file target.tsv (TSV, C-alpha atoms)
chain	number	residue	atom	x	y	z
A	17	MET	CA	27.32	144.67	59.87
A	18	THR	CA	25.25	141.62	60.75
A	19	PRO	CA	23.12	142.23	63.86
A	20	PRO	CA	24.39	140.23	66.87
A	21	ARG	CA	22.84	136.77	67.14
A	22	ALA	CA	20.84	137.42	63.96
A	23	LEU	CA	20.64	133.69	63.22
A	24	ASP	CA	19.86	132.44	66.73
A	25	GLY	CA	17.85	129.24	66.57
A	26	LYS	CA	18.62	128.61	62.90
A	27	VAL	CA	20.21	125.51	61.42
A	28	ALA	CA	22.39	125.96	58.34
A	29	ALA	CA	24.25	123.59	56.05
A	30	VAL	CA	27.19	124.82	53.98
A	31	THR	CA	28.81	122.70	51.29
A	32	GLY	CA	32.48	123.09	50.50
A	33	ALA	CA	32.80	124.36	54.06
A	34	ALA	CA	36.39	123.37	54.85
A	35	SER	CA	37.97	126.25	52.96
A	36	GLY	CA	37.45	129.43	50.99
A	37	ILE	CA	34.00	130.99	50.67
A	38	GLY	CA	32.31	128.03	52.34
A	39	ARG	CA	34.48	128.29	55.41
A	40	ALA	CA	34.02	132.06	55.65
A	41	SER	CA	30.25	131.70	55.24
A	42	ALA	CA	30.00	128.95	57.85
A	43	GLU	CA	32.05	130.95	60.35
A	44	ALA	CA	29.92	134.05	59.77
A	45	MET	CA	26.75	132.04	60.42
A	46	LEU	CA	28.24	130.52	63.56
A	47	ALA	CA	29.18	133.99	64.80
A	48	ALA	CA	25.55	135.06	64.23
A	49	GLY	CA	24.26	132.27	66.46
A	50	ALA	CA	23.35	129.53	63.98
A	51	ARG	CA	24.16	125.87	64.36
A	52	VAL	CA	25.97	124.91	61.19
A	53	VAL	CA	26.54	121.57	59.52
A	54	LEU	CA	29.80	121.93	57.62
A	55	VAL	CA	29.88	119.65	54.59
A	56	ASP	CA	33.12	118.72	52.86
A	57	ARG	CA	35.17	115.72	51.80
A	58	ASP	CA	38.36	116.98	53.48
A	59	VAL	CA	38.19	115.09	56.77
A	60	GLU	CA	41.24	116.66	58.37
A	61	ALA	CA	40.42	120.28	57.52
A	62	LEU	CA	36.79	119.83	58.49
A	63	SER	CA	37.62	118.27	61.84
A	64	ALA	CA	40.12	120.99	62.71
A	65	LEU	CA	37.68	123.74	61.77
A	66	CYS	CA	34.79	122.29	63.77
A	67	ALA	CA	37.01	121.70	66.79
A	68	ARG	CA	37.61	125.45	66.98
A	69	HIS	CA	33.91	126.29	67.02
A	70	GLY	CA	32.46	123.90	69.58
A	71	ASP	CA	29.18	122.03	69.47
A	72	SER	CA	27.46	124.52	67.17
A	73	ALA	CA	29.72	123.38	64.31
A	74	MET	CA	28.87	119.87	63.11
A	75	PRO	CA	31.13	118.16	60.56
A	76	LEU	CA	29.60	116.09	57.78
A	77	VAL	CA	32.08	114.31	55.55
A	78	ILE	CA	30.57	113.64	52.12
A	79	ASP	CA	32.04	113.30	48.65
A	80	LEU	CA	29.30	115.10	46.75
A	81	LEU	CA	30.49	113.62	43.46
A	82	ASP	CA	29.39	110.21	44.74
A	83	ALA	CA	25.70	110.17	43.80
A	84	GLN	CA	24.67	107.86	46.63
A	85	ALA	CA	26.60	109.89	49.20
A	86	CYS	CA	25.21	113.15	47.79
A	87	ALA	CA	21.67	111.91	48.38
A	88	THR	CA	22.40	111.50	52.09
A	89	LEU	CA	23.21	115.18	52.69
A	90	VAL	CA	19.81	116.48	53.79
A	91	PRO	CA	18.84	113.35	55.77
A	92	ALA	CA	22.19	113.53	57.58
A	93	VAL	CA	21.70	117.22	58.38
A	94	LEU	CA	18.22	116.52	59.76
A	95	GLU	CA	19.55	113.65	61.85
A	96	ARG	CA	22.37	115.75	63.32
A	97	ALA	CA	20.62	119.08	63.75
A	98	GLY	CA	16.90	118.32	63.77
A	99	GLY	CA	16.04	120.71	60.97
A	100	LEU	CA	17.34	122.86	58.12
A	101	ASP	CA	16.62	126.57	57.76
A	102	ILE	CA	19.48	127.63	55.49
A	103	LEU	CA	21.36	125.88	52.71
A	104	HIS	CA	24.43	127.54	51.24
A	105	ALA	CA	25.21	125.43	48.17
A	106	ASN	CA	28.77	126.53	47.74
A	107	ALA	CA	30.88	123.52	46.72
A	108	GLY	CA	32.42	123.86	43.30
A	109	THR	CA	35.56	123.53	41.24
A	110	TYR	CA	37.28	125.41	38.43
A	111	ILE	CA	38.72	124.88	34.98
A	112	GLY	CA	40.33	127.78	33.18
A	113	GLY	CA	42.12	128.13	29.89
A	114	ASP	CA	41.25	127.15	26.35
A	115	LEU	CA	38.56	124.56	25.81
A	116	VAL	CA	40.82	122.47	23.56
A	117	ASP	CA	43.25	122.02	26.47
A	118	ALA	CA	40.64	120.79	28.96
A	119	GLU	CA	40.58	117.10	29.79
A	120	PRO	CA	37.18	115.44	29.18
A	121	ASP	CA	37.17	113.82	32.63
A	122	ALA	CA	37.87	117.20	34.24
A	123	ILE	CA	34.99	118.75	32.28
A	124	ASP	CA	32.63	116.01	33.48
A	125	ARG	CA	33.75	116.41	37.08
A	126	MET	CA	33.39	120.18	37.05
A	127	LEU	CA	29.95	120.22	35.43
A	128	ASN	CA	28.78	117.50	37.80
A	129	LEU	CA	29.92	119.36	40.92
A	130	ASN	CA	29.09	122.90	39.80
A	131	VAL	CA	25.69	122.11	38.28
A	132	ASN	CA	24.26	118.65	38.97
A	133	VAL	CA	25.25	118.47	42.63
A	134	VAL	CA	23.90	121.96	43.30
A	135	MET	CA	20.58	121.07	41.70
A	136	LYS	CA	20.28	117.84	43.70
A	137	ASN	CA	21.25	119.47	47.01
A	138	VAL	CA	18.81	122.33	46.50
A	139	ARG	CA	16.05	119.92	45.44
A	140	ASP	CA	16.45	117.85	48.59
A	141	ALA	CA	16.59	120.93	50.84
A	142	LEU	CA	13.48	122.42	49.23
A	143	ARG	CA	11.46	119.29	49.87
A	144	HIS	CA	12.11	119.75	53.60
A	145	MET	CA	11.66	123.53	53.56
A	146	ILE	CA	8.36	123.36	51.66
A	147	GLU	CA	6.90	121.20	54.41
A	148	ARG	CA	7.90	123.88	56.91
A	149	LYS	CA	6.87	126.77	54.63
A	150	SER	CA	10.10	128.61	55.35
A	151	GLY	CA	13.77	128.57	54.45
A	152	ASP	CA	16.65	130.22	52.66
A	153	VAL	CA	18.79	128.87	49.84
A	154	VAL	CA	21.92	130.71	48.74
A	155	VAL	CA	24.00	129.40	45.84
A	156	THR	CA	27.55	130.47	45.11
A	157	SER	CA	27.59	131.50	41.47
A	158	SER	CA	30.21	133.74	39.85
A	159	LEU	CA	30.71	136.93	37.94
A	160	ALA	CA	31.49	134.48	35.12
A	161	GLY	CA	27.78	133.64	35.12
A	162	HIS	CA	26.99	137.16	33.94
A	163	PHE	CA	29.71	137.73	31.37
A	164	PRO	CA	31.08	135.33	28.70
A	165	THR	CA	34.64	135.24	30.02
A	166	PRO	CA	36.75	133.93	27.14
A	167	TRP	CA	39.54	132.62	29.40
A	168	GLU	CA	37.30	130.10	31.19
A	169	PRO	CA	34.54	128.82	28.87
A	170	VAL	CA	33.82	125.59	30.75
A	171	TYR	CA	33.65	127.24	34.17
A	172	ALA	CA	31.63	130.19	32.86
A	173	SER	CA	29.15	127.84	31.21
A	174	SER	CA	28.55	126.05	34.50
A	175	LYS	CA	27.82	129.34	36.23
A	176	TRP	CA	25.51	130.54	33.46
A	177	ALA	CA	23.56	127.33	34.03
A	178	ILE	CA	23.46	127.97	37.76
A	179	HIS	CA	22.30	131.55	37.27
A	180	CYS	CA	19.35	130.29	35.23
A	181	PHE	CA	18.67	127.55	37.78
A	182	VAL	CA	18.56	129.97	40.70
A	183	GLN	CA	16.29	132.46	38.99
A	184	THR	CA	13.81	129.82	37.81
A	185	VAL	CA	13.70	127.89	41.08
A	186	ARG	CA	13.30	131.15	42.98
A	187	ARG	CA	10.04	131.72	41.14
A	188	GLN	CA	8.80	128.26	42.13
A	189	ALA	CA	9.87	128.50	45.76
A	190	PHE	CA	8.67	131.94	46.82
A	191	ARG	CA	5.04	130.87	47.09
A	192	HIS	CA	6.13	128.42	49.79
A	193	GLY	CA	7.79	131.13	51.88
A	194	ILE	CA	11.29	130.15	50.72
A	195	ARG	CA	13.87	132.61	49.43
A	196	VAL	CA	16.37	131.51	46.79
A	197	GLY	CA	19.23	133.69	45.66
A	198	SER	CA	22.82	133.61	44.51
A	199	VAL	CA	26.01	135.47	45.25
A	200	SER	CA	28.26	136.05	42.25
A	201	PRO	CA	31.81	136.95	43.25
A	202	GLY	CA	34.53	138.19	41.00
A	203	PRO	CA	38.02	136.78	41.61
A	204	VAL	CA	38.35	135.60	45.22
A	205	VAL	CA	41.47	134.40	47.00
A	206	THR	CA	40.53	130.73	47.41
A	207	GLY	CA	41.83	127.33	46.41
A	208	LEU	CA	40.15	127.76	43.02
A	209	LEU	CA	43.06	130.02	42.10
A	210	ASP	CA	45.66	127.41	42.93
A	211	ASP	CA	46.43	127.00	39.23
A	212	TRP	CA	47.33	130.67	38.89
A	213	PRO	CA	51.08	131.31	38.58
A	214	ALA	CA	52.45	133.00	41.71
A	215	GLU	CA	53.42	136.11	39.78
A	216	ARG	CA	49.89	136.47	38.39
A	217	LEU	CA	48.36	136.12	41.87
A	218	ALA	CA	50.77	138.66	43.35
A	219	ALA	CA	50.14	141.11	40.51
A	220	ALA	CA	46.36	140.76	40.91
A	221	ARG	CA	46.57	141.43	44.64
A	222	GLU	CA	48.82	144.43	44.08
A	223	ALA	CA	46.42	145.86	41.49
A	224	GLY	CA	43.39	145.39	43.76
A	225	GLY	CA	41.93	142.74	41.46
A	226	LEU	CA	41.04	140.16	44.13
A	227	ILE	CA	38.68	140.07	47.09
A	228	ASP	CA	38.72	137.87	50.19
A	229	ALA	CA	36.30	135.09	51.05
A	230	ALA	CA	35.16	137.06	54.10
A	231	ASP	CA	33.87	139.80	51.77
A	232	VAL	CA	31.61	137.25	50.09
A	233	ALA	CA	30.47	135.86	53.45
A	234	GLU	CA	29.33	139.34	54.48
A	235	VAL	CA	27.12	139.47	51.39
A	236	VAL	CA	25.65	136.04	52.22
A	237	MET	CA	24.83	137.27	55.72
A	238	PHE	CA	23.20	140.39	54.29
A	239	MET	CA	20.98	138.20	52.13
A	240	LEU	CA	20.00	135.95	55.04
A	241	THR	CA	19.17	138.75	57.46
A	242	ARG	CA	16.74	140.77	55.34
A	243	PRO	CA	13.09	140.86	56.49
A	244	ARG	CA	11.19	137.82	55.23
A	245	GLY	CA	9.34	139.93	52.68
A	246	VAL	CA	12.62	140.92	51.01
A	247	THR	CA	14.53	138.63	48.65
A	248	ILE	CA	18.02	139.47	47.41
A	249	ARG	CA	17.92	137.44	44.24
A	250	ASP	CA	21.52	137.93	43.12
A	251	VAL	CA	24.46	140.00	44.29
A	252	VAL	CA	27.53	140.59	42.16
A	253	VAL	CA	30.50	141.37	44.38
A	254	MET	CA	33.87	142.10	42.85
A	255	PRO	CA	37.06	144.06	43.44
A	256	SER	CA	36.49	147.76	42.95
A	257	ARG	CA	39.36	147.92	40.48
A	258	PHE	CA	38.18	144.91	38.51
A	259	ASP	CA	37.50	146.07	34.97
A	260	LEU	CA	34.83	143.96	33.33
call {"tool": "encode", "arguments": {"input": "target.tsv", "output": "structure tokens"}}
result
Amino acid sequence: MTPPRALDGKVAAVTGAASGIGRASAEAMLAAGARVVLVDRDVEALSALCARHGDSAMPLVIDLLDAQACATLVPAVLERAGGLDILHANAGTYIGGDLVDAEPDAIDRMLNLNVNVVMKNVRDALRHMIERKSGDVVVTSSLAGHFPTPWEPVYASSKWAIHCFVQTVRRQAFRHGIRVGSVSPGPVVTGLLDDWPAERLAAAREAGGLIDAADVAEVVMFMLTRPRGVTIRDVVVMPSRFDL
């Protein structure tokens, strides 16, 4: 359990915050006392979510795939909240199936969002955090970043890249008092599974092969609330019955 008000006085930004893991993470941080800038391109969902959480939840509508808009993320957070202590770089998308069936444009979009956008967001956040000599960066990776899953080669490749990125940047950032780590979930019930047939989703739930976004958010909170001398560099969290 996260200690009550464990993030009092902190400012966090969460990308992909309107749904799934991002939403669960943002709500967990809000419950722990943080002010949270929720970043997403879904205006309606973001507005409804922030309306339920009062002034501590600040919506920021950005299409991160627009390079110019992506570059405004950290400046916009600083303008709204006056600082940035925590970045949860969570936004991402998914392509499954055989490589030969993947559309080139979809590959470009996924690699851009899952890899390039994460790198740029983290870069911009680190520049601010280094000046302050403190901060936390958590990146949503995937179990697919640790195992060559043959049913999702494009997605898995993006997460292998992110795993390398997190572990190399962590080694650069720690001397500035900044912790960088990743959370690597197995299959989670989020919008990324929208392309699963209903019968497959139901069977996976019945077999205990899926976890909820709130389970991942609890891991993120565990990472953020360790003593400053402790870094959780990567946590793999998956269904107990998941055989991999």
call {"tool": "closest_residue", "arguments": {"input": "target.tsv", "among": "A:Leu46, A:Ala28, A:Val93, A:Arg249", "to": "Val185 in chain A", "atoms": "only C-alpha atoms"}}
result
A:Arg249
call {"tool": "atom_distance", "arguments": {"input": "target.tsv", "atom1": "CA of Ala50 in chain A", "atom2": "CA of Ala34 in chain A"}}
result
17.1 Å
call {"tool": "residues_around", "arguments": {"input": "target.tsv", "residues": "range 215-226 of chain A", "least_positions_apart": "3", "cutoff": "8 Å", "atoms": "only C-alpha atoms", "output": "list of chain:residue names"}}
result
A:Gly202, A:Pro203, A:Val204, A:Val205, A:Trp212, A:Met254, A:Pro255, A:Ser256, A:Arg257, A:Phe258
call {"tool": "closest_residue", "arguments": {"input": "target.tsv", "among": "A:Ala177, A:Ala44, A:Ala107, A:Val55", "to": "Met237 in chain A", "atoms": "all atoms listed in the file"}}
result
A:Ala44
call {"tool": "closest_residue", "arguments": {"input": "target.tsv", "among": "A:Cys86, A:Ile78, A:Val252, A:Ala160", "to": "Gly112 in chain A", "atoms": "all atoms listed in the file"}}
result
A:Ala160
call {"tool": "atom_distance", "arguments": {"input": "target.tsv", "atom1": "CA of Ala42 in chain A", "atom2": "CA of Pro213 in chain A"}}
result
28.7 Å
call {"tool": "atom_distance", "arguments": {"input": "target.tsv", "atom1": "CA of Val90 in chain A", "atom2": "CA of Glu234 in chain A"}}
result
24.8 Å
call {"tool": "residues_around", "arguments": {"input": "target.tsv", "residues": "Gly25 in chain A", "least_positions_apart": "5", "cutoff": "12 Å", "atoms": "all atoms listed in the file", "output": "ChimeraX atom specification"}}
result
/A:45-46,48-52,72,97-102
